[in-house]
Every structure is written in C-alpha cells, then in structure tokens.
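Q: Provided herewith: upload.cif, mmCIF, C-alpha atoms and all ligand atoms.
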data_start
#
loop_
_atom_site.label_atom_id
_atom_site.label_comp_id
_atom_site.auth_asym_id
_atom_site.auth_seq_id
_atom_site.Cartn_x
_atom_site.Cartn_y
_atom_site.Cartn_z
CA MET A 1 44.12 42.88 -1.32
CA ASN A 2 43.75 45.47 1.44
CA LEU A 3 46.40 46.23 3.96
CA THR A 4 44.90 44.22 6.84
CA LEU A 5 44.62 41.09 4.74
CA LYS A 6 48.18 41.53 3.49
CA THR A 7 49.45 41.89 7.02
CA LEU A 8 47.43 38.89 8.07
CA SER A 9 48.69 36.65 5.30
CA PHE A 10 52.23 37.75 6.00
CA ALA A 11 51.72 36.84 9.66
CA VAL A 12 50.35 33.42 8.72
CA LEU A 13 53.20 32.73 6.30
CA ALA A 14 55.72 33.86 8.86
CA SER A 15 54.29 31.60 11.53
CA VAL A 16 54.20 28.65 9.13
CA SER A 17 57.83 29.11 8.27
CA ILE A 18 58.72 29.50 11.93
CA ASN A 19 56.92 26.20 12.60
CA LEU A 20 58.76 24.53 9.75
CA PHE A 21 62.01 25.83 11.07
CA ALA A 22 61.17 24.54 14.55
CA ALA A 23 60.36 21.14 13.08
CA ASP A 24 63.70 21.07 11.26
CA ALA A 25 65.51 22.01 14.40
CA ALA A 26 63.83 19.26 16.46
CA PRO A 27 66.17 16.40 17.34
CA ALA A 28 65.95 13.37 15.08
CA GLY A 29 63.31 10.88 16.15
CA ASP A 30 61.11 13.48 17.84
CA LYS A 31 57.78 14.24 16.22
CA PRO A 32 57.66 17.93 15.19
CA ALA A 33 54.31 18.35 17.00
CA ALA A 34 55.76 17.24 20.35
CA ALA A 35 55.57 19.99 22.92
CA PRO A 36 58.85 21.02 24.49
CA GLY A 37 59.51 19.92 28.06
CA PRO A 38 58.38 16.76 29.85
CA ASN A 39 55.70 14.85 28.00
CA PRO A 40 53.36 13.04 30.44
CA ALA A 41 52.30 10.46 27.84
CA LYS A 42 55.85 9.47 26.91
CA GLN A 43 56.92 9.45 30.54
CA ALA A 44 54.07 7.10 31.50
CA ILE A 45 54.97 4.79 28.60
CA ALA A 46 58.64 4.78 29.60
CA VAL A 47 57.77 3.97 33.22
CA ARG A 48 55.44 1.09 32.40
CA LYS A 49 57.83 -0.41 29.85
CA ALA A 50 60.63 -0.25 32.41
CA ALA A 51 58.39 -1.82 35.07
CA PHE A 52 57.35 -4.63 32.70
CA THR A 53 60.93 -5.27 31.59
CA LEU A 54 61.98 -5.68 35.23
CA ILE A 55 58.88 -7.72 36.06
CA GLY A 56 59.71 -10.06 33.17
CA ASN A 57 63.32 -10.28 34.23
CA SER A 58 62.32 -11.01 37.84
CA PHE A 59 59.65 -13.56 36.98
CA LYS A 60 61.72 -15.73 34.61
CA PRO A 61 63.58 -17.74 37.32
CA ILE A 62 60.32 -18.13 39.26
CA GLY A 63 58.55 -19.54 36.22
CA ASP A 64 61.52 -21.80 35.49
CA ALA A 65 61.63 -23.11 39.08
CA SER A 66 57.90 -23.78 39.09
CA GLN A 67 58.27 -25.83 35.89
CA GLY A 68 61.28 -27.76 37.13
CA LYS A 69 63.56 -26.06 34.57
CA ALA A 70 65.68 -24.47 37.30
CA GLU A 71 66.52 -25.23 40.89
CA TYR A 72 64.37 -23.68 43.60
CA ASN A 73 66.41 -21.29 45.71
CA GLN A 74 64.13 -19.84 48.38
CA ALA A 75 66.16 -16.69 49.11
CA ASP A 76 66.38 -15.85 45.42
CA ILE A 77 62.71 -16.59 44.76
CA GLN A 78 61.72 -14.42 47.72
CA LYS A 79 63.84 -11.52 46.51
CA ARG A 80 62.36 -11.70 43.03
CA ALA A 81 58.78 -12.07 44.23
CA ASN A 82 59.25 -8.96 46.40
CA ARG A 83 60.50 -7.01 43.40
CA ILE A 84 57.52 -8.05 41.28
CA GLU A 85 55.11 -6.96 44.00
CA VAL A 86 56.72 -3.51 44.28
CA LEU A 87 57.00 -3.07 40.51
CA SER A 88 53.36 -4.04 40.00
CA GLU A 89 52.39 -0.97 42.04
CA PHE A 90 54.00 1.33 39.46
CA LEU A 91 51.36 0.19 37.00
CA ASP A 92 48.53 1.89 38.92
CA THR A 93 49.52 5.29 37.56
CA SER A 94 51.29 4.25 34.36
CA PHE A 95 48.27 4.07 32.07
CA PRO A 96 46.88 7.63 31.93
CA GLU A 97 44.52 8.19 28.99
CA VAL A 98 46.98 10.58 27.28
CA SER A 99 49.36 7.64 26.88
CA ASN A 100 47.00 5.91 24.45
CA LEU A 101 49.34 6.72 21.55
CA GLY A 102 49.26 3.38 19.74
CA GLU A 103 52.18 1.94 17.82
CA PRO A 104 55.07 2.57 17.44
CA ASP A 105 55.15 4.38 20.81
CA THR A 106 53.38 1.68 22.78
CA LYS A 107 51.98 -1.83 22.54
CA ALA A 108 49.18 -0.93 24.93
CA ARG A 109 45.87 -1.66 23.21
CA VAL A 110 43.08 0.91 23.08
CA GLU A 111 40.87 -1.54 25.06
CA ILE A 112 42.81 -0.54 28.20
CA TRP A 113 40.85 2.71 28.08
CA THR A 114 37.63 1.57 26.39
CA LYS A 115 37.24 -1.41 28.78
CA LYS A 116 38.85 0.24 31.75
CA ALA A 117 36.96 -1.70 34.46
CA GLU A 118 38.11 -4.99 32.92
CA PHE A 119 41.71 -3.82 32.65
CA ASP A 120 41.71 -2.49 36.22
CA LYS A 121 40.45 -5.84 37.45
CA GLN A 122 43.19 -7.75 35.63
CA LEU A 123 45.79 -5.40 37.06
CA LYS A 124 44.34 -5.73 40.57
CA ASP A 125 44.32 -9.56 40.28
CA PHE A 126 47.95 -9.47 39.21
CA GLN A 127 48.90 -7.32 42.21
CA THR A 128 46.96 -9.63 44.56
CA HIS A 129 48.61 -12.75 43.14
CA ALA A 130 52.06 -11.12 43.26
CA ALA A 131 51.50 -10.28 46.95
CA ASN A 132 50.36 -13.85 47.57
CA LEU A 133 53.50 -15.19 45.89
CA VAL A 134 55.59 -13.12 48.32
CA LYS A 135 53.76 -14.73 51.25
CA VAL A 136 54.07 -18.25 49.87
CA ALA A 137 57.77 -17.86 49.01
CA ALA A 138 58.41 -16.78 52.60
CA THR A 139 57.41 -20.23 53.90
CA GLU A 140 58.08 -22.68 51.07
CA LYS A 141 61.53 -24.27 51.21
CA THR A 142 61.07 -26.32 48.04
CA ALA A 143 59.22 -26.01 44.74
CA SER A 144 56.11 -27.30 46.51
CA ASP A 145 52.60 -27.47 45.12
CA ALA A 146 51.76 -24.31 47.06
CA PHE A 147 54.65 -22.48 45.36
CA LYS A 148 53.71 -23.83 41.94
CA GLU A 149 50.12 -22.77 42.39
CA ALA A 150 51.08 -19.23 43.48
CA ALA A 151 53.58 -18.84 40.61
CA GLY A 152 51.06 -20.30 38.17
CA ALA A 153 48.43 -17.72 39.17
CA VAL A 154 50.89 -14.91 38.39
CA ALA A 155 51.91 -16.47 35.05
CA LYS A 156 48.24 -16.73 34.12
CA ASP A 157 47.82 -13.01 34.83
CA CYS A 158 50.71 -12.10 32.49
CA LYS A 159 49.26 -14.21 29.72
CA GLY A 160 45.65 -13.15 30.24
CA CYS A 161 46.39 -9.46 30.27
CA HIS A 162 48.70 -9.66 27.26
CA GLU A 163 46.02 -11.51 25.29
CA ASN A 164 43.42 -8.86 26.05
CA PHE A 165 45.38 -5.65 26.33
CA LYS A 166 48.78 -5.89 24.63
CA ILE A 167 49.50 -5.66 20.92
CA LYS A 168 51.39 -8.81 19.88
C1 LIG A 201 47.22 -5.86 33.70
C2 LIG A 201 47.86 -6.19 32.43
C3 LIG A 201 49.21 -6.82 32.38
C4 LIG A 201 49.75 -7.76 33.22
C5 LIG A 201 49.12 -8.41 34.43
C6 LIG A 201 51.08 -8.04 32.73
N1 LIG A 201 51.35 -7.31 31.60
FE1 LIG A 201 53.09 -7.27 30.58
N2 LIG A 201 52.39 -5.76 29.41
C7 LIG A 201 51.10 -5.26 29.45
C8 LIG A 201 50.97 -4.19 28.47
C9 LIG A 201 49.71 -3.37 28.19
C10 LIG A 201 52.23 -4.06 27.86
C11 LIG A 201 52.62 -3.05 26.76
C12 LIG A 201 53.21 -1.79 27.41
C13 LIG A 201 53.56 -0.69 26.41
O1 LIG A 201 54.10 -1.00 25.32
O2 LIG A 201 53.30 0.49 26.72
C14 LIG A 201 53.10 -5.06 28.48
C15 LIG A 201 54.45 -5.24 28.14
C16 LIG A 201 55.26 -6.22 28.68
C17 LIG A 201 56.65 -6.42 28.31
C18 LIG A 201 57.42 -5.62 27.26
C19 LIG A 201 58.03 -4.36 27.89
C20 LIG A 201 58.63 -3.41 26.84
O3 LIG A 201 59.74 -2.88 27.08
O4 LIG A 201 58.04 -3.18 25.78
C21 LIG A 201 57.12 -7.48 29.07
C22 LIG A 201 58.52 -8.08 29.05
C23 LIG A 201 56.01 -7.92 29.91
N3 LIG A 201 54.92 -7.12 29.66
C24 LIG A 201 56.09 -8.97 30.80
C25 LIG A 201 55.08 -9.31 31.70
C26 LIG A 201 55.18 -10.39 32.67
C27 LIG A 201 56.36 -11.34 32.81
C28 LIG A 201 54.02 -10.35 33.40
C29 LIG A 201 53.62 -11.23 34.55
C30 LIG A 201 54.59 -11.52 35.59
C31 LIG A 201 53.19 -9.28 32.85
N4 LIG A 201 53.87 -8.67 31.82
C32 LIG A 201 51.94 -8.94 33.33
C33 LIG A 201 50.08 -5.67 30.27
C34 LIG A 201 50.23 -6.55 31.35
#
So that I can check it, write out the structure of this file as structure tokens.
Ligand code: HEC
A:
Amino acid sequence: MNLTLKTLSFAVLASVSINLFAADAAPAGDKPAAAPGPNPAKQAIAVRKAAFTLIGNSFKPIGDASQGKAEYNQADIQKRANRIEVLSEFLDTSFPEVSNLGEPDTKARVEIWTKKAEFDKQLKDFQTHAANLVKVAATEKTASDAFKEAAGAVAKDCKGCHENFKIK
C-alpha cells in the first residue's frame, strides 16, 4: 500500500467513524441521515397534520348538526365553518414533493404526487365547498336543507380525498 492510499483509507475510516459518532449523538427518534436545522419535508408534514386535526375538530359538530345528532347553533356553526375555510388554505403549500416520505412519517399516499392534477382538483373542490358552507351558514338559522347540502358536500370531499390519497 503506498502512502497516498494509506492516507486516503485513513481519511475514509475517520469520516465513517465521525458519521457513526454523529449518528450516536443524534437525539432519540431522529433518523441519523436527517440534516441538521429545519427540515422542509417534516415541517410541511407537521403543518398539514395540524391543519387536518383542526379541520376534523371543527367539522365534527357541523356533521353532527347536519345529521340531527346535535342541535344547530348558527353562531357556532358559522365560527367553525370559517375556521375550516381558513385552515383549508394551509393545504395549498403543505404537500411539497420532498414531503413524500411515506409511513411512518406521513399517511399521504404517493398518488398525491403521481396524480397531482387529480389531487389539486379534490383540494380545490374542498376549498370551494368550505367557502360555500361559510356563506350558507351566514343565512341559515336552522339545520335547513340548504345547510345539510352544503355540509354534505364538504363531508363528501373529506371522504373522497381520504379514499384516493390517504393511507388508511
Ligand atoms: C384534498 C384531500 C383531502 C381532503 C379534502 C381532506 N383530507 Fe383529511 N387528510 C388528507 C391526507 C393526505 C391526510 C394525511 C396527512 C399526513 O399524514 O401527512 C389527511 C389526514 C387527516 C387527518 C389526520 C391528521 C393527523 O394528525 O394525522 C384528519 C383528522 C383528517 N384528515 C380529517 C379530514 C376532514 C374532517 C376533512 C373534511 C372536512 C378532510 N380531512 C379533508 C387528505 C384530505
């Protein structure tokens, strides 16, 4: 072995052990390969999960009222519909391609990126129906047919998109 090769293999070994050491030092739960600093993929996943959790939380009483399982309270329904509309806008920028990490990081299916036009349309429909629900809730004083129809359109969007684009 000549000197250059020796130096080279020493350098390689040294860098491997440095990497191993770095991996050991990484906090539990973090993948060793994760780059230090903010990770755009993980941030996008965190934002969309938070948005969906709040959307789910906000929609529950609306769904219940539209099915007669809970009383219709116009002020409350309006407040919740407004929240869903605003939260739905966070989803526009919450599915960058880098965030296609698969499980266990995310339940977003790969089809979101391979059938992007279809996904974008389902998202757009959801935003349109959420905006319509805000309008309808502003005028409906009871769980009228108009309210039920508007809430039903939103519920259909949740279900449809989950069937196509969310891992069960
Ligand atoms: C355009 C597609 C789409 C629409 C519309 C949609 N979802 Fe989702 N939802 C997803 C995807 C994709 C995920 C998985 C996100 C992830 O794990 O990164 C998800 C995840 C969730 C979660 C789990 C959040 C978490 O912390 O893991 C809840 C709750 C949820 N959605 C509720 C709803 C409700 C309620 C509606 C309708 C009011 C709705 N979603 C509409 C695509 C959609």
Q: Per residue of chain A within 8 Å of ligand LIG 201 (chain A), record the nearest atom pair and its distance in Å to one decimal, counting only C-alpha atoms and all ligand atoms, with rows in chain order and ascending residue number, as a Markdown table.
A:
| residue | atom | partner | partner_atom | distance |
| --- | --- | --- | --- | --- |
| A:Ile45 | CA | A:LIG201 | O2 | 5.0 |
| A:Ala46 | CA | A:LIG201 | O2 | 7.4 |
| A:Arg48 | CA | A:LIG201 | O2 | 6.1 |
| A:Lys49 | CA | A:LIG201 | O3 | 4.2 |
| A:Ala50 | CA | A:LIG201 | O3 | 6.0 |
| A:Ala51 | CA | A:LIG201 | C19 | 7.6 |
| A:Phe52 | CA | A:LIG201 | C23 | 4.5 |
| A:Thr53 | CA | A:LIG201 | C22 | 4.5 |
| A:Leu54 | CA | A:LIG201 | C22 | 7.5 |
| A:Ile55 | CA | A:LIG201 | C27 | 5.5 |
| A:Gly56 | CA | A:LIG201 | C27 | 3.6 |
| A:Asn57 | CA | A:LIG201 | C27 | 7.2 |
| A:Ser58 | CA | A:LIG201 | C27 | 7.8 |
| A:Phe59 | CA | A:LIG201 | C30 | 5.6 |
| A:Lys60 | CA | A:LIG201 | C27 | 7.2 |
| A:Ile84 | CA | A:LIG201 | C30 | 7.3 |
| A:Asp105 | CA | A:LIG201 | O1 | 7.1 |
| A:Thr106 | CA | A:LIG201 | O1 | 3.8 |
| A:Lys107 | CA | A:LIG201 | O1 | 3.6 |
| A:Ala108 | CA | A:LIG201 | C9 | 4.1 |
| A:Arg109 | CA | A:LIG201 | C9 | 6.5 |
| A:Ile112 | CA | A:LIG201 | C9 | 7.5 |
| A:Phe119 | CA | A:LIG201 | C1 | 6.0 |
| A:Asp120 | CA | A:LIG201 | C1 | 6.9 |
| A:Lys121 | CA | A:LIG201 | C1 | 7.7 |
| A:Gln122 | CA | A:LIG201 | C1 | 4.9 |
| A:Leu123 | CA | A:LIG201 | C1 | 3.7 |
| A:Lys124 | CA | A:LIG201 | C1 | 7.5 |
| A:Asp125 | CA | A:LIG201 | C5 | 7.7 |
| A:Phe126 | CA | A:LIG201 | C5 | 5.0 |
| A:Gln127 | CA | A:LIG201 | C5 | 7.9 |
| A:Val154 | CA | A:LIG201 | C30 | 5.7 |
| A:Ala155 | CA | A:LIG201 | C29 | 5.5 |
| A:Lys156 | CA | A:LIG201 | C29 | 7.7 |
| A:Asp157 | CA | A:LIG201 | C5 | 4.8 |
| A:Cys158 | CA | A:LIG201 | C32 | 3.5 |
| A:Lys159 | CA | A:LIG201 | C32 | 6.9 |
| A:Gly160 | CA | A:LIG201 | C5 | 7.2 |
| A:Cys161 | CA | A:LIG201 | C2 | 4.2 |
| A:His162 | CA | A:LIG201 | C33 | 5.2 |
| A:Phe165 | CA | A:LIG201 | C9 | 5.2 |
| A:Lys166 | CA | A:LIG201 | C9 | 4.5 |
| A:Ile167 | CA | A:LIG201 | C11 | 7.1 |
Q: What is the distance, in Å and to one decimal place, between atom CA of A:Val86 and atom CA of A:Lys141?
A: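 About the pair atom CA of A:Val86 and atom CA of A:Lys141: they are 22.4 Å apart.
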Q: So how far away is atom CA of A:Ile77 from atom CA of A:Pro61, in Å?
A: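 So the two atoms, atom CA of A:Pro61 and atom CA of A:Ile77, lie 7.6 Å apart.
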Q: State, in Å with one decimal place, the distance from atom CA of A:Ala75 to atom CA of A:Ala151.
A: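 It comes out at 15.3 Å.
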Q: Name the closest residue to A:Ala130 among the candidates A:Gln67, A:Gln78, A:Ser88, A:Gln43; distances are taken between atoms, counting all atoms listed in the file.
A: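 Of A:Gln67, A:Gln78, A:Ser88, A:Gln43, the one nearest A:Ala130, counting all atoms listed in the file, is A:Ser88.
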Q: Which of these, A:Thr142, A:Pro36, A:Phe95, A:Val136, has the shortest distance to A:Lys116 once you count only C-alpha atoms?
A: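 Looking only at the distances to A:Lys116, the closest residue turns out to be A:Phe95.
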Q: Return the single residue from A:Glu111, A:Thr139, A:Asn164, A:Ile62 that is closest to A:Asp76, with distances computed using only C-alpha atoms.
A: A:Ile62
Q: Please provide as number ranges by chain all residues within 12 Å of A:Pro40, with the sequence filter that same-chain residues fewer than 5 positions apart are discarded (counting only C-alpha atoms).
A: A: 34-35, 45-47, 93-101
Q: Taking into account only C-alpha atoms, which residue in the set A:Asp92, A:Arg80, A:Gly102, A:Val134 is nearest to A:Ala41?
A: A:Gly102
Q: If you take every atom of stretch 135-148 of chain A that the file lists and fit an axis-aligned box around them with 8 Å extra on each side, what centre and edge lengths come out in Å to one decimal, as lines of an AutoDock Vina configuration file?
A:
center_x = 56.6
center_y = -21.1
center_z = 47.9
size_x = 25.8
size_y = 28.7
size_z = 28.0
Q: Taking only N, CA and C atoms, show stretch 64-98 of chain A of the given structure as a compact mmCIF listing (two decimals), in the first residue's frame.
A:
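The resulting file, result09.txt, is shown below:
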# COMPACT_ATOMS: atom_id res chain seq x y z
N ASP A 64 -72.43 16.56 12.79
CA ASP A 64 -73.44 16.09 13.75
C ASP A 64 -74.75 16.86 13.57
N ALA A 65 -74.67 18.19 13.44
CA ALA A 65 -75.88 19.01 13.29
C ALA A 65 -76.59 18.68 11.99
N SER A 66 -75.82 18.40 10.94
CA SER A 66 -76.46 18.12 9.65
C SER A 66 -77.13 16.75 9.65
N GLN A 67 -76.71 15.88 10.57
CA GLN A 67 -77.34 14.55 10.67
C GLN A 67 -78.35 14.46 11.81
N GLY A 68 -78.65 15.60 12.42
CA GLY A 68 -79.61 15.62 13.51
C GLY A 68 -79.09 15.01 14.81
N LYS A 69 -77.77 14.80 14.89
CA LYS A 69 -77.19 14.21 16.11
C LYS A 69 -76.87 15.27 17.15
N ALA A 70 -76.89 16.54 16.72
CA ALA A 70 -76.62 17.64 17.64
C ALA A 70 -77.47 18.83 17.22
N GLU A 71 -77.71 19.71 18.18
CA GLU A 71 -78.53 20.88 17.88
C GLU A 71 -77.78 21.83 16.95
N TYR A 72 -78.54 22.52 16.12
CA TYR A 72 -77.94 23.50 15.21
C TYR A 72 -77.84 24.84 15.93
N ASN A 73 -76.62 25.31 16.11
CA ASN A 73 -76.41 26.62 16.73
C ASN A 73 -75.70 27.48 15.68
N GLN A 74 -76.43 28.42 15.12
CA GLN A 74 -75.90 29.15 13.96
C GLN A 74 -74.56 29.82 14.23
N ALA A 75 -74.45 30.51 15.38
CA ALA A 75 -73.20 31.23 15.68
C ALA A 75 -72.02 30.25 15.74
N ASP A 76 -72.25 29.12 16.37
CA ASP A 76 -71.18 28.12 16.50
C ASP A 76 -70.83 27.51 15.14
N ILE A 77 -71.84 27.20 14.36
CA ILE A 77 -71.61 26.61 13.04
C ILE A 77 -70.83 27.59 12.15
N GLN A 78 -71.21 28.86 12.23
CA GLN A 78 -70.53 29.88 11.44
C GLN A 78 -69.05 29.98 11.80
N LYS A 79 -68.80 29.99 13.11
CA LYS A 79 -67.42 30.10 13.60
C LYS A 79 -66.59 28.92 13.09
N ARG A 80 -67.16 27.75 13.17
CA ARG A 80 -66.42 26.54 12.76
C ARG A 80 -66.22 26.47 11.25
N ALA A 81 -67.25 26.89 10.52
CA ALA A 81 -67.13 26.88 9.05
C ALA A 81 -66.01 27.86 8.62
N ASN A 82 -65.97 29.02 9.28
CA ASN A 82 -64.91 30.00 8.98
C ASN A 82 -63.54 29.40 9.22
N ARG A 83 -63.39 28.70 10.32
CA ARG A 83 -62.09 28.09 10.64
C ARG A 83 -61.69 27.08 9.57
N ILE A 84 -62.66 26.26 9.15
CA ILE A 84 -62.34 25.24 8.14
C ILE A 84 -61.88 25.91 6.85
N GLU A 85 -62.56 26.98 6.48
CA GLU A 85 -62.17 27.68 5.24
C GLU A 85 -60.72 28.18 5.33
N VAL A 86 -60.40 28.82 6.44
CA VAL A 86 -59.04 29.36 6.61
C VAL A 86 -58.01 28.22 6.63
N LEU A 87 -58.32 27.18 7.42
CA LEU A 87 -57.38 26.06 7.53
C LEU A 87 -57.16 25.36 6.19
N SER A 88 -58.21 25.31 5.38
CA SER A 88 -58.08 24.60 4.08
C SER A 88 -57.04 25.30 3.20
N GLU A 89 -56.83 26.59 3.43
CA GLU A 89 -55.84 27.33 2.63
C GLU A 89 -54.39 26.93 2.96
N PHE A 90 -54.19 26.45 4.17
CA PHE A 90 -52.84 25.99 4.54
C PHE A 90 -52.41 24.79 3.68
N LEU A 91 -53.39 24.08 3.16
CA LEU A 91 -53.07 22.85 2.44
C LEU A 91 -52.45 23.12 1.07
N ASP A 92 -52.64 24.34 0.55
CA ASP A 92 -52.06 24.68 -0.77
C ASP A 92 -50.56 24.45 -0.81
N THR A 93 -49.88 24.78 0.28
CA THR A 93 -48.41 24.71 0.28
C THR A 93 -47.89 23.62 1.22
N SER A 94 -48.78 22.73 1.65
CA SER A 94 -48.37 21.72 2.64
C SER A 94 -48.06 20.35 2.04
N PHE A 95 -48.05 20.28 0.71
CA PHE A 95 -47.73 18.99 0.07
C PHE A 95 -46.58 19.13 -0.93
N PRO A 96 -45.43 19.71 -0.50
CA PRO A 96 -44.31 19.77 -1.44
C PRO A 96 -43.80 18.35 -1.71
N GLU A 97 -43.21 18.16 -2.88
CA GLU A 97 -42.77 16.81 -3.27
C GLU A 97 -41.79 16.19 -2.26
N VAL A 98 -40.95 17.00 -1.63
CA VAL A 98 -39.99 16.45 -0.66
C VAL A 98 -40.69 15.78 0.52
